[in-house]
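Source file: query_6.cif; contents: mmCIF, C-alpha atoms.
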```cif
data_model
loop_
_atom_site.group_PDB
_atom_site.id
_atom_site.type_symbol
_atom_site.label_atom_id
_atom_site.label_comp_id
_atom_site.auth_asym_id
_atom_site.auth_seq_id
_atom_site.Cartn_x
_atom_site.Cartn_y
_atom_site.Cartn_z
ATOM 1 C CA MET A 1 -56.719 93.346 117.940
ATOM 2 C CA LYS A 2 -55.735 91.445 114.811
ATOM 3 C CA GLU A 3 -54.969 93.477 111.713
ATOM 4 C CA ASN A 4 -54.655 92.218 108.184
ATOM 5 C CA ILE A 5 -51.386 92.573 106.360
ATOM 6 C CA SER A 6 -51.823 95.338 103.832
ATOM 7 C CA ASN A 7 -49.235 94.094 101.344
ATOM 8 C CA PRO A 8 -50.336 91.612 98.695
ATOM 9 C CA LYS A 9 -48.445 88.480 99.604
ATOM 10 C CA ASP A 10 -48.947 84.767 99.211
ATOM 11 C CA VAL A 11 -50.050 83.968 102.735
ATOM 12 C CA LYS A 12 -50.821 80.332 103.268
ATOM 13 C CA LYS A 13 -54.164 80.612 105.028
ATOM 14 C CA PRO A 14 -54.747 78.422 108.079
ATOM 15 C CA GLU A 15 -56.645 75.314 107.036
ATOM 16 C CA ASN A 16 -56.652 73.211 110.179
ATOM 17 C CA ILE A 17 -57.663 73.707 113.790
ATOM 18 C CA PHE A 18 -56.165 72.117 116.891
ATOM 19 C CA ILE A 19 -57.677 72.615 120.353
ATOM 20 C CA SER A 20 -55.049 72.702 123.087
ATOM 21 C CA GLU A 21 -56.104 72.055 126.665
ATOM 22 C CA SER A 22 -52.874 73.324 128.286
ATOM 23 C CA VAL A 23 -49.562 75.136 127.780
ATOM 24 C CA GLU A 24 -47.856 71.753 127.671
ATOM 25 C CA GLN A 25 -50.193 70.534 124.946
ATOM 26 C CA THR A 26 -49.601 73.745 122.953
ATOM 27 C CA GLN A 27 -45.851 73.176 123.168
ATOM 28 C CA GLU A 28 -46.190 69.512 122.200
ATOM 29 C CA PHE A 29 -48.356 70.455 119.207
ATOM 30 C CA ALA A 30 -45.829 73.115 118.148
ATOM 31 C CA LYS A 31 -43.020 70.564 118.488
ATOM 32 C CA GLU A 32 -44.842 68.396 115.922
ATOM 33 C CA TYR A 33 -45.669 71.430 113.747
ATOM 34 C CA ALA A 34 -41.927 72.195 113.581
ATOM 35 C CA LYS A 35 -41.467 68.958 111.629
ATOM 36 C CA THR A 36 -43.496 70.496 108.773
ATOM 37 C CA LEU A 37 -41.201 73.520 108.500
ATOM 38 C CA LYS A 38 -38.205 73.844 106.245
ATOM 39 C CA ASN A 39 -35.234 76.184 106.340
ATOM 40 C CA GLY A 40 -36.211 79.671 105.254
ATOM 41 C CA ASP A 41 -39.877 79.386 106.265
ATOM 42 C CA VAL A 42 -41.440 82.519 107.741
ATOM 43 C CA VAL A 43 -44.360 81.896 110.101
ATOM 44 C CA LEU A 44 -46.584 84.715 111.310
ATOM 45 C CA LEU A 45 -47.764 83.991 114.866
ATOM 46 C CA GLU A 46 -51.050 85.776 115.440
ATOM 47 C CA GLY A 47 -52.932 86.164 118.681
ATOM 48 C CA ASP A 48 -53.718 88.591 121.445
ATOM 49 C CA MET A 49 -51.313 89.213 124.285
ATOM 50 C CA GLY A 50 -51.222 86.148 126.510
ATOM 51 C CA ALA A 51 -52.661 83.871 123.823
ATOM 52 C CA GLY A 52 -49.645 81.545 123.864
ATOM 53 C CA LYS A 53 -47.437 82.695 120.996
ATOM 54 C CA THR A 54 -44.227 82.347 123.019
ATOM 55 C CA ALA A 55 -45.348 78.935 124.326
ATOM 56 C CA PHE A 56 -45.822 77.929 120.694
ATOM 57 C CA ALA A 57 -42.347 79.234 119.836
ATOM 58 C CA LYS A 58 -40.887 77.157 122.686
ATOM 59 C CA GLY A 59 -42.479 74.054 121.198
ATOM 60 C CA VAL A 60 -41.160 74.829 117.719
ATOM 61 C CA ALA A 61 -37.666 75.230 119.191
ATOM 62 C CA LEU A 62 -37.955 71.831 120.884
ATOM 63 C CA GLY A 63 -39.083 70.320 117.594
ATOM 64 C CA LEU A 64 -36.002 71.759 115.914
ATOM 65 C CA GLY A 65 -33.757 70.256 118.584
ATOM 66 C CA ILE A 66 -32.897 73.612 120.150
ATOM 67 C CA GLU A 67 -32.045 73.102 123.803
ATOM 68 C CA GLU A 68 -31.522 76.762 124.707
ATOM 69 C CA GLU A 69 -34.376 78.286 126.735
ATOM 70 C CA VAL A 70 -36.742 80.250 124.500
ATOM 71 C CA THR A 71 -37.912 83.534 125.968
ATOM 72 C CA SER A 72 -40.093 86.338 124.657
ATOM 73 C CA PRO A 73 -38.005 88.791 122.618
ATOM 74 C CA THR A 74 -40.232 91.740 123.610
ATOM 75 C CA TYR A 75 -37.359 94.089 124.438
ATOM 76 C CA ALA A 76 -34.755 92.540 122.145
ATOM 77 C CA TYR A 77 -37.146 92.508 119.134
ATOM 78 C CA MET A 78 -35.620 89.241 117.902
ATOM 79 C CA ASN A 79 -33.875 86.286 119.516
ATOM 80 C CA ASP A 80 -31.498 84.176 117.418
ATOM 81 C CA TYR A 81 -31.228 80.506 118.334
ATOM 82 C CA ASP A 82 -28.078 79.252 116.616
ATOM 83 C CA GLY A 83 -29.175 80.588 113.228
ATOM 84 C CA ARG A 84 -31.797 77.847 113.065
ATOM 85 C CA LEU A 85 -34.657 79.803 114.620
ATOM 86 C CA PHE A 86 -35.276 83.541 114.680
ATOM 87 C CA HIS A 87 -38.098 84.503 117.068
ATOM 88 C CA TYR A 88 -39.391 88.032 116.534
ATOM 89 C CA ASP A 89 -41.654 90.155 118.717
ATOM 90 C CA CYS A 90 -42.547 93.280 116.747
ATOM 91 C CA TYR A 91 -45.080 94.656 119.241
ATOM 92 C CA ARG A 92 -42.871 97.630 120.090
ATOM 93 C CA ILE A 93 -41.812 98.385 116.502
ATOM 94 C CA GLU A 94 -43.166 101.833 115.695
ATOM 95 C CA SER A 95 -42.281 102.071 112.010
ATOM 96 C CA VAL A 96 -40.936 100.151 109.056
ATOM 97 C CA GLU A 97 -37.886 102.419 109.188
ATOM 98 C CA GLN A 98 -37.185 101.314 112.761
ATOM 99 C CA ALA A 99 -37.432 97.653 111.741
ATOM 100 C CA GLU A 100 -35.111 98.283 108.797
ATOM 101 C CA SER A 101 -32.572 100.076 110.989
ATOM 102 C CA LEU A 102 -32.596 97.082 113.356
ATOM 103 C CA GLY A 103 -31.890 94.794 110.387
ATOM 104 C CA LEU A 104 -34.916 92.603 111.075
ATOM 105 C CA ALA A 105 -35.507 91.775 107.398
ATOM 106 C CA ASP A 106 -31.908 90.582 107.007
ATOM 107 C CA TYR A 107 -32.724 87.336 108.808
ATOM 108 C CA PHE A 108 -35.358 86.226 106.280
ATOM 109 C CA ASP A 109 -32.576 85.119 103.915
ATOM 110 C CA MET A 110 -30.283 83.464 106.456
ATOM 111 C CA GLY A 111 -31.772 79.974 106.089
ATOM 112 C CA GLY A 112 -33.335 79.659 109.526
ATOM 113 C CA ILE A 113 -37.005 79.509 110.426
ATOM 114 C CA CYS A 114 -38.548 82.872 111.372
ATOM 115 C CA LEU A 115 -41.429 83.036 113.847
ATOM 116 C CA ILE A 116 -42.877 86.545 113.929
ATOM 117 C CA GLU A 117 -45.251 87.903 116.559
ATOM 118 C CA TRP A 118 -47.096 91.174 115.772
ATOM 119 C CA SER A 119 -46.031 90.912 112.127
ATOM 120 C CA GLN A 120 -48.436 93.658 111.012
ATOM 121 C CA ASN A 121 -45.898 96.153 112.377
ATOM 122 C CA ILE A 122 -43.335 95.080 109.771
ATOM 123 C CA ALA A 123 -45.732 94.002 106.995
ATOM 124 C CA PRO A 124 -43.959 95.823 104.123
ATOM 125 C CA LEU A 125 -40.713 93.992 104.948
ATOM 126 C CA LEU A 126 -42.151 90.468 104.996
ATOM 127 C CA PRO A 127 -41.222 87.989 102.276
ATOM 128 C CA ARG A 128 -43.794 87.336 99.570
ATOM 129 C CA VAL A 129 -44.613 83.819 100.820
ATOM 130 C CA VAL A 130 -45.342 83.258 104.502
ATOM 131 C CA LYS A 131 -47.248 80.797 106.682
ATOM 132 C CA ARG A 132 -49.687 81.777 109.390
ATOM 133 C CA VAL A 133 -50.555 80.300 112.787
ATOM 134 C CA SER A 134 -53.362 81.940 114.735
ATOM 135 C CA ILE A 135 -53.824 81.265 118.453
ATOM 136 C CA LYS A 136 -57.083 82.217 120.166
ATOM 137 C CA LYS A 137 -57.555 82.119 123.916
ATOM 138 C CA ILE A 138 -60.711 80.197 124.804
ATOM 139 C CA ASN A 139 -60.166 80.264 128.579
ATOM 140 C CA ASP A 140 -57.252 80.358 131.034
ATOM 141 C CA ARG A 141 -55.752 77.121 129.688
ATOM 142 C CA LYS A 142 -57.587 76.212 126.485
ATOM 143 C CA ARG A 143 -56.480 77.559 123.070
ATOM 144 C CA GLU A 144 -57.696 77.237 119.501
ATOM 145 C CA ILE A 145 -54.746 76.989 117.124
ATOM 146 C CA GLU A 146 -55.406 77.533 113.416
ATOM 147 C CA PHE A 147 -52.581 76.476 111.112
#
```
Please rewrite the model in this file as C-alpha coordinates.
Amino acid sequence: MKENISNPKDVKKPENIFISESVEQTQEFAKEYAKTLKNGDVVLLEGDMGAGKTAFAKGVALGLGIEEEVTSPTYAYMNDYDGRLFHYDCYRIESVEQAESLGLADYFDMGGICLIEWSQNIAPLLPRVVKRVSIKKINDRKREIEF
(Lines of atoms letter the chains of each structure in order from A and count residues from 1; the text may use other names and numbers.)
(Lines give C-alpha, C1' and ligand atoms only; values in the text may rest on other atoms or scores of the structure.)
Protein backbone atom coordinates (compact mmCIF):
# COMPACT_ATOMS: atom_id res chain seq x y z
CA MET A 1 0.00 0.00 0.00
CA LYS A 2 1.31 3.43 -0.95
CA GLU A 3 1.27 6.11 1.72
CA ASN A 4 1.72 9.81 1.24
CA ILE A 5 4.64 11.55 2.86
CA SER A 6 3.27 13.53 5.76
CA ASN A 7 5.96 16.21 5.79
CA PRO A 8 5.47 19.27 3.59
CA LYS A 9 8.23 18.96 1.05
CA ASP A 10 8.80 20.02 -2.52
CA VAL A 11 8.19 16.70 -4.21
CA LYS A 12 8.53 16.84 -7.94
CA LYS A 13 5.36 15.04 -8.97
CA PRO A 14 5.62 12.44 -11.73
CA GLU A 15 4.64 14.02 -15.03
CA ASN A 16 5.42 11.32 -17.55
CA ILE A 17 4.53 7.67 -18.01
CA PHE A 18 6.60 4.92 -19.60
CA ILE A 19 5.21 1.42 -20.18
CA SER A 20 7.86 -1.27 -19.80
CA GLU A 21 7.25 -4.67 -21.34
CA SER A 22 10.06 -6.48 -19.48
CA VAL A 23 12.68 -6.30 -16.71
CA GLU A 24 15.28 -5.56 -19.37
CA GLN A 25 13.24 -2.67 -20.73
CA THR A 26 12.76 -1.30 -17.19
CA GLN A 27 16.52 -1.39 -16.66
CA GLU A 28 17.19 0.23 -20.03
CA PHE A 29 14.68 2.99 -19.26
CA ALA A 30 16.26 3.56 -15.84
CA LYS A 31 19.70 3.71 -17.47
CA GLU A 32 18.44 6.62 -19.59
CA TYR A 33 16.64 8.19 -16.61
CA ALA A 34 19.99 8.24 -14.76
CA LYS A 35 21.25 10.75 -17.33
CA THR A 36 18.70 13.27 -15.98
CA LEU A 37 20.00 12.99 -12.42
CA LYS A 38 22.64 15.16 -10.84
CA ASN A 39 24.81 14.66 -7.78
CA GLY A 40 22.80 15.08 -4.60
CA ASP A 41 19.44 14.12 -6.13
CA VAL A 42 17.13 12.09 -3.90
CA VAL A 43 14.66 9.87 -5.76
CA LEU A 44 11.79 8.15 -3.97
CA LEU A 45 11.08 4.78 -5.62
CA GLU A 46 7.46 3.87 -5.01
CA GLY A 47 5.74 0.61 -5.76
CA ASP A 48 4.45 -2.56 -4.19
CA MET A 49 6.73 -5.45 -3.39
CA GLY A 50 7.83 -7.08 -6.63
CA ALA A 51 6.96 -4.03 -8.73
CA GLY A 52 10.52 -3.63 -10.03
CA LYS A 53 12.12 -1.01 -7.80
CA THR A 54 15.41 -2.91 -7.54
CA ALA A 55 15.40 -3.58 -11.30
CA PHE A 56 15.03 0.17 -11.75
CA ALA A 57 17.92 0.79 -9.35
CA LYS A 58 20.08 -1.62 -11.37
CA GLY A 59 19.37 0.40 -14.50
CA VAL A 60 20.20 3.69 -12.78
CA ALA A 61 23.51 2.19 -11.63
CA LEU A 62 24.32 1.14 -15.20
CA GLY A 63 23.48 4.65 -16.38
CA LEU A 64 25.91 6.05 -13.83
CA GLY A 65 28.65 3.71 -15.04
CA ILE A 66 28.59 1.56 -11.91
CA GLU A 67 29.77 -1.93 -12.77
CA GLU A 68 29.26 -3.49 -9.33
CA GLU A 69 26.22 -5.77 -9.09
CA VAL A 70 23.26 -3.95 -7.56
CA THR A 71 21.28 -6.00 -5.07
CA SER A 72 18.31 -5.24 -2.85
CA PRO A 73 19.47 -3.67 0.42
CA THR A 74 16.55 -5.20 2.37
CA TYR A 75 18.67 -6.43 5.28
CA ALA A 76 21.47 -3.88 4.99
CA TYR A 77 19.02 -0.92 4.77
CA MET A 78 21.34 0.90 2.37
CA ASN A 79 23.96 -0.14 -0.18
CA ASP A 80 26.72 2.32 -1.09
CA TYR A 81 28.09 2.09 -4.62
CA ASP A 82 31.36 4.03 -4.57
CA GLY A 83 29.73 7.11 -3.05
CA ARG A 84 28.00 7.76 -6.37
CA LEU A 85 24.80 5.86 -5.65
CA PHE A 86 23.13 5.11 -2.33
CA HIS A 87 20.30 2.57 -2.67
CA TYR A 88 18.01 2.44 0.36
CA ASP A 89 15.36 -0.10 1.31
CA CYS A 90 13.49 1.26 4.32
CA TYR A 91 10.82 -1.46 4.44
CA ARG A 92 12.12 -2.83 7.73
CA ILE A 93 12.70 0.56 9.38
CA GLU A 94 10.37 0.72 12.36
CA SER A 95 10.93 4.30 13.48
CA VAL A 96 12.59 7.56 12.59
CA GLU A 97 14.86 7.03 15.60
CA GLN A 98 16.06 3.73 14.14
CA ALA A 99 16.82 5.40 10.81
CA GLU A 100 18.68 8.19 12.60
CA SER A 101 20.72 5.72 14.65
CA LEU A 102 21.70 3.94 11.42
CA GLY A 103 22.86 7.28 9.99
CA LEU A 104 20.65 6.99 6.92
CA ALA A 105 20.10 10.76 6.61
CA ASP A 106 23.86 11.38 6.61
CA TYR A 107 24.13 10.20 3.01
CA PHE A 108 21.78 12.87 1.63
CA ASP A 109 24.62 15.42 1.82
CA MET A 110 27.44 13.23 0.50
CA GLY A 111 27.00 14.23 -3.15
CA GLY A 112 25.80 10.90 -4.51
CA ILE A 113 22.39 10.02 -5.89
CA CYS A 114 20.00 8.47 -3.35
CA LEU A 115 17.35 5.99 -4.47
CA ILE A 116 14.96 5.26 -1.61
CA GLU A 117 12.45 2.41 -1.49
CA TRP A 118 9.70 2.58 1.17
CA SER A 119 10.57 6.21 1.87
CA GLN A 120 7.42 6.80 3.94
CA ASN A 121 9.20 5.01 6.79
CA ILE A 122 11.81 7.78 6.99
CA ALA A 123 9.67 10.69 5.76
CA PRO A 124 10.67 13.19 8.49
CA LEU A 125 14.34 12.73 7.58
CA LEU A 126 13.99 13.32 3.84
CA PRO A 127 15.44 16.46 2.25
CA ARG A 128 13.01 19.23 1.35
CA VAL A 129 13.31 18.64 -2.41
CA VAL A 130 13.00 15.12 -3.79
CA LYS A 131 12.01 13.41 -7.05
CA ARG A 132 9.56 10.56 -7.31
CA VAL A 133 9.36 7.49 -9.55
CA SER A 134 6.31 5.26 -9.17
CA ILE A 135 6.29 1.72 -10.59
CA LYS A 136 3.00 -0.15 -10.95
CA LYS A 137 2.79 -3.82 -11.83
CA ILE A 138 0.39 -4.36 -14.72
CA ASN A 139 1.11 -8.08 -15.16
CA ASP A 140 4.01 -10.49 -14.64
CA ARG A 141 6.30 -8.57 -17.00
CA LYS A 142 4.62 -5.26 -17.84
CA ARG A 143 5.09 -2.15 -15.65
CA GLU A 144 3.81 1.41 -15.70
CA ILE A 145 6.56 3.81 -14.65
CA GLU A 146 5.56 7.35 -13.69
CA PHE A 147 8.43 9.83 -13.45
Near Tyr77 (chain A), within 6 Å and counting all atoms listed in the file, which residues show up once chain neighbours fewer than 4 positions away are dropped, as a PyMOL selection string?
-> chain A and resi 73+88-90
Please write as a list in words the full residue list that the PyMOL selection byres ((chain A and resi 49) around 12) yields on this file.
-> Met1, Lys2, Leu45, Glu46, Gly47, Asp48, Gly50, Ala51, Gly52, Lys53, Thr54, Ala55, Ser72, Thr74, Asp89, Tyr91, Glu117, Trp118, Ile135, Lys136 and Lys137 of chain A
Find, counting only C-alpha atoms, the residue in A:Pro127, A:Gly112, A:Gly103, A:Gly63 that gets nearest to His87 (chain A).
->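 Among the listed residues, the smallest separation from His87 (chain A) belongs to A:Gly112.
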Grab the CA of Ser101 (chain A) to CA of Asn79 (chain A) distance for me, in Å with one decimal place.
->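 Atom-to-atom, CA of Ser101 (chain A) to CA of Asn79 (chain A), that is 16.3 Å.
Minimum distance to Pro124 (chain A) across A:Leu85, A:Ala105, A:Ile138, A:Met110 (counting only C-alpha atoms) occurs at A:Ala105.
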